[in-house]
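Step one of this worksheet: look at the structure below.
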Amino acid sequence: MSAVRQWVSGVALTMGSLMVASPVVAQTAVSAADGVNVDTSSLESRVDALDQQIRILERRRELAADSAATAAKTRQSATANAKDGFSLKSADGQYSLKLRGYAQADGRFYPSDDAGAISNNFLLRRARPILEVTVGQYFGFRVMPDFAGSQAALQDAYWEGKFDPAFSVRAGKFKPPIGYERLQSATDINFAERGLPTNLAPSRDIGLQVGGETGGVFEYQVGIFNGAPDLGAPDTDLNDAKDFAARVFFQPIRDGALRGLGFGISGSTGVEEGSATATDLAGYRSASQQTFFRYRSDALVPDNTVVADGRRSRLTPHAYLGIGPFGVLGEYIINRQEVRSGATTARLTHRAWQASGSFFLTGEYAGFRSPAPRKPFDLKAGTFGAIELAARYGELDIDDDAFPLFASASSAATKAKGLGLGVNWHLSRQIKVLVSYEHTTFEGGAETGDRASEDFVVTRFQHAF
């Protein structure tokens, strides 16, 4: 009986500490401890009832925990932030849908156009929603149309398998790895338009590419593509031959002042065969988007129209250096193209280069991608975002052998030189206001001497999410 009393006393004390035991049971347990005779059968039945209640509560708690765990496995999450835009994601992270995009509204002015040949105007430069979907652990796709201008155009549409940081596969329409500034997003460039070297690189192409990176030190891409002309983004190929393109990029210094240094080289080669109706050759544009060079075209005698006819090769070394608030980008591109006019052929070599730099007055760290302002625009907090100054100089040199048979010296310039200055106001990671000025001079390109120089002023309001 002593053992029973001790067990009952322990249970009562435990129930009391948990605020579960009733006053009657507590009093009975105290009496038992004091040596008073109690009805043990009644006490035991009450203890059994309490024990049963505890078991029921524990089971309910287990069921609630199981239910919560099951719900967590199937619960979807919806987020909205600067990095991913608007997104939906499954609980296990295997499936996701991201809606992003950006729009750029420009004001474009041509103070050097005294004759009024080019209208000052406001325009929507880009309006691009972006849909990114992840399906399973490794696979996904991206679609990015552009609704600016008079008609919609499909910029990106590709499938991708990311099997490891060092190895991924991409198939569809996207930027081939040629042209360093071309690989930079339109939301991150320091000026309204890319520099002169971008004329000698394709915009988009359709193909298959493998690539990856190792620890942020080494990056590579290798692919086979239809073969897009300079500045082009075609949806079909003009012949059976395909272009081979590759790029390697190094960032060897991980710590210290030069950790923002990166350099690489890319190239492409392929055989092109144009026709009088689809020449597979491009005209080249200044920063103001005015064409200053084009090949001859003869509507009356189509055979005299200049067309691509043979191998086209590109080679472009490039580099970037970011030191604190100062960043500089440099690239050089050499473009060799075999062309034909009637029965005459030639191998023309065009070259272009540029160096551009920027400096954040507000101390942000400059990089290949635009940084987030240290103090985003907020009137209540008295903060106004980040201010960036930008400058660049570049040249594009047309092969002298292009004249006079393949291009007319009276309408096509043989060389362009561009100087740009700009101020960029980053209100937040999503919003940027840009004002830039470009001065471009030419050699040749007019009936008598040089084409008139261009002055171009542009303002831009950009919203990206």
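Order determines the names: the first chain of the structure tokens is A, the second B, and so forth; residues in each chain are numbered 1 upward, and ligands are numbered 1 upward as they are shown.
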
Query - strand (DSSP E) positions in stretch 46-269 of chain A, given as JSON, numbers by chain - result: {"A": [77, 78, 79, 80, 81, 85, 86, 87, 88, 89, 95, 96, 97, 98, 99, 100, 101, 102, 103, 104, 105, 106, 107, 108, 109, 121, 122, 123, 124, 125, 126, 127, 128, 129, 130, 131, 132, 133, 134, 135, 139, 140, 141, 142, 143, 144, 145, 146, 153, 154, 155, 156, 157, 158, 159, 160, 161, 162, 163, 164, 167, 168, 169, 170, 171, 172, 173, 174, 205, 206, 207, 208, 209, 210, 211, 212, 213, 214, 218, 219, 220, 221, 222, 223, 224, 225, 243, 244, 245, 246, 247, 248, 249, 250, 260, 261, 262, 263, 264, 265, 266, 267, 268, 269]}

Query raised in the report: What lies within 10 Å of A:Gly449 using only C-alpha atoms, ignoring chain neighbours under 5 positions off, as number ranges by chain?
Result: A: 409-410, 413, 442-444

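Shortest separation to A:Arg100 among A:Leu63, A:Ala276, A:Ala464, A:Val306 occurs at residue A:Ala464, atoms counted being only C-alpha atoms.
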
With only C-alpha atoms as the counted atoms, please give the residues lying no more than 7 Å from stretch 372-375 of chain A, apart from itself and same-chain residues fewer than 5 positions off, as a PDB file with C-alpha atoms, in the first residue's frame.
```pdb
ATOM      1  CA  GLU A 364      27.825  51.877 -54.534  1.00  0.00           C
ATOM      2  CA  THR A 383      17.145  59.434 -49.114  1.00  0.00           C
ATOM      3  CA  PHE A 384      17.418  59.802 -52.878  1.00  0.00           C
ATOM      4  CA  GLY A 385      19.009  56.665 -54.333  1.00  0.00           C
ATOM      5  CA  ALA A 386      22.305  56.399 -56.218  1.00  0.00           C
ATOM      6  CA  HIS A 426      19.098  54.735 -59.632  1.00  0.00           C
ATOM      7  CA  SER A 428      15.923  51.727 -56.449  1.00  0.00           C
ATOM      8  CA  ARG A 429      16.973  48.407 -57.904  1.00  0.00           C
TER       9      ARG A 429
END
```

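For A:Asp106, the residues within 10 Å (counting only C-alpha atoms, excluding itself and residues fewer than 3 positions away along the chain) are Ala103, Phe109, Asn121, Phe122, Leu123, Leu124, Arg125, Arg126, Ala192, Val433, Leu434, Val435, Val458, Thr459, Arg460, Phe461 and Gln462 of chain A.
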
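Closest approach to A:Val248 from the set A:Gly195, A:Gly322, A:Pro177, A:Gly85 is made by A:Pro177, with distances taken over only C-alpha atoms.
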
Report task. Just the residues within 7 Å of stretch 329-343 of chain A, please, counting only C-alpha atoms, with nothing from its chain fewer than 4 positions along; format it as a PyMOL selection string. Result -> chain A and resi 180+197+200+303-321+347-357+406

Contacts of A:Lys98 at 8 Å or less, counting only C-alpha atoms, minus same-chain residues fewer than 5 places along, as a PDB file with N, CA and C atoms, in the first residue's frame?
```pdb
ATOM      1  N   ASP A  84      13.180  38.204 -57.785  1.00  0.00           N
ATOM      2  CA  ASP A  84      12.387  37.240 -58.537  1.00  0.00           C
ATOM      3  C   ASP A  84      11.097  37.796 -59.106  1.00  0.00           C
ATOM      4  N   GLY A  85      10.778  39.066 -58.856  1.00  0.00           N
ATOM      5  CA  GLY A  85       9.505  39.593 -59.312  1.00  0.00           C
ATOM      6  C   GLY A  85       8.367  38.941 -58.548  1.00  0.00           C
ATOM      7  N   PHE A  86       7.292  38.608 -59.258  1.00  0.00           N
ATOM      8  CA  PHE A  86       6.170  37.897 -58.659  1.00  0.00           C
ATOM      9  C   PHE A  86       6.357  36.409 -58.932  1.00  0.00           C
ATOM     10  N   SER A  87       6.271  35.592 -57.892  1.00  0.00           N
ATOM     11  CA  SER A  87       6.572  34.181 -58.079  1.00  0.00           C
ATOM     12  C   SER A  87       5.658  33.294 -57.250  1.00  0.00           C
ATOM     13  N   LEU A  88       5.417  32.123 -57.773  1.00  0.00           N
ATOM     14  CA  LEU A  88       4.736  31.030 -57.083  1.00  0.00           C
ATOM     15  C   LEU A  88       5.694  29.859 -57.018  1.00  0.00           C
ATOM     16  N   ILE A 130       8.513  38.913 -68.800  1.00  0.00           N
ATOM     17  CA  ILE A 130       9.373  37.723 -68.767  1.00  0.00           C
ATOM     18  C   ILE A 130       8.688  36.643 -67.931  1.00  0.00           C
ATOM     19  N   LEU A 131       8.528  35.485 -68.515  1.00  0.00           N
ATOM     20  CA  LEU A 131       7.947  34.341 -67.816  1.00  0.00           C
ATOM     21  C   LEU A 131       9.015  33.265 -67.679  1.00  0.00           C
ATOM     22  N   GLU A 132       9.307  32.878 -66.437  1.00  0.00           N
ATOM     23  CA  GLU A 132      10.293  31.828 -66.168  1.00  0.00           C
ATOM     24  C   GLU A 132       9.625  30.730 -65.343  1.00  0.00           C
ATOM     25  N   VAL A 133       9.753  29.498 -65.800  1.00  0.00           N
ATOM     26  CA  VAL A 133       9.104  28.364 -65.154  1.00  0.00           C
ATOM     27  C   VAL A 133      10.143  27.289 -64.856  1.00  0.00           C
TER      28      VAL A 133
END
```

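The residue that comes closest to A:Val222, out of A:Pro202, A:Pro176, A:Gly445, A:Pro371 and on the basis of only C-alpha atoms, is A:Pro176.
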
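Between A:Thr440 and the candidates A:Phe360, A:Phe249, A:Phe377, A:Phe292, the tightest atom-to-atom separation, counting only C-alpha atoms, involves A:Phe292.
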
Query raised in the report: Among stretch 105-279 of chain A, which residues carry a DSSP assignment of helix (DSSP H, G or I), reported as a VMD selection string?
Result: chain A and resid 180 to 183 196 to 200

Write the selection just made, keeping C-alpha atoms, as a PDB file, in the first residue's frame?
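Contents of again_9.pdb, freshly written:
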```
ATOM      1  CA  TYR A 180      30.394  41.392 -74.317  1.00  0.00           C
ATOM      2  CA  GLU A 181      28.091  44.393 -74.005  1.00  0.00           C
ATOM      3  CA  ARG A 182      25.437  42.444 -75.910  1.00  0.00           C
ATOM      4  CA  LEU A 183      25.494  39.852 -73.111  1.00  0.00           C
ATOM      5  CA  LEU A 196      29.628  50.663 -81.778  1.00  0.00           C
ATOM      6  CA  PRO A 197      31.199  47.170 -81.370  1.00  0.00           C
ATOM      7  CA  THR A 198      27.743  45.643 -80.867  1.00  0.00           C
ATOM      8  CA  ASN A 199      27.108  46.311 -84.594  1.00  0.00           C
ATOM      9  CA  LEU A 200      29.413  43.406 -85.428  1.00  0.00           C
TER      10      LEU A 200
END
```

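Taking atom CA of A:Asp399 and atom CA of A:Ala201 as endpoints, the distance between them is 16.3 Å.
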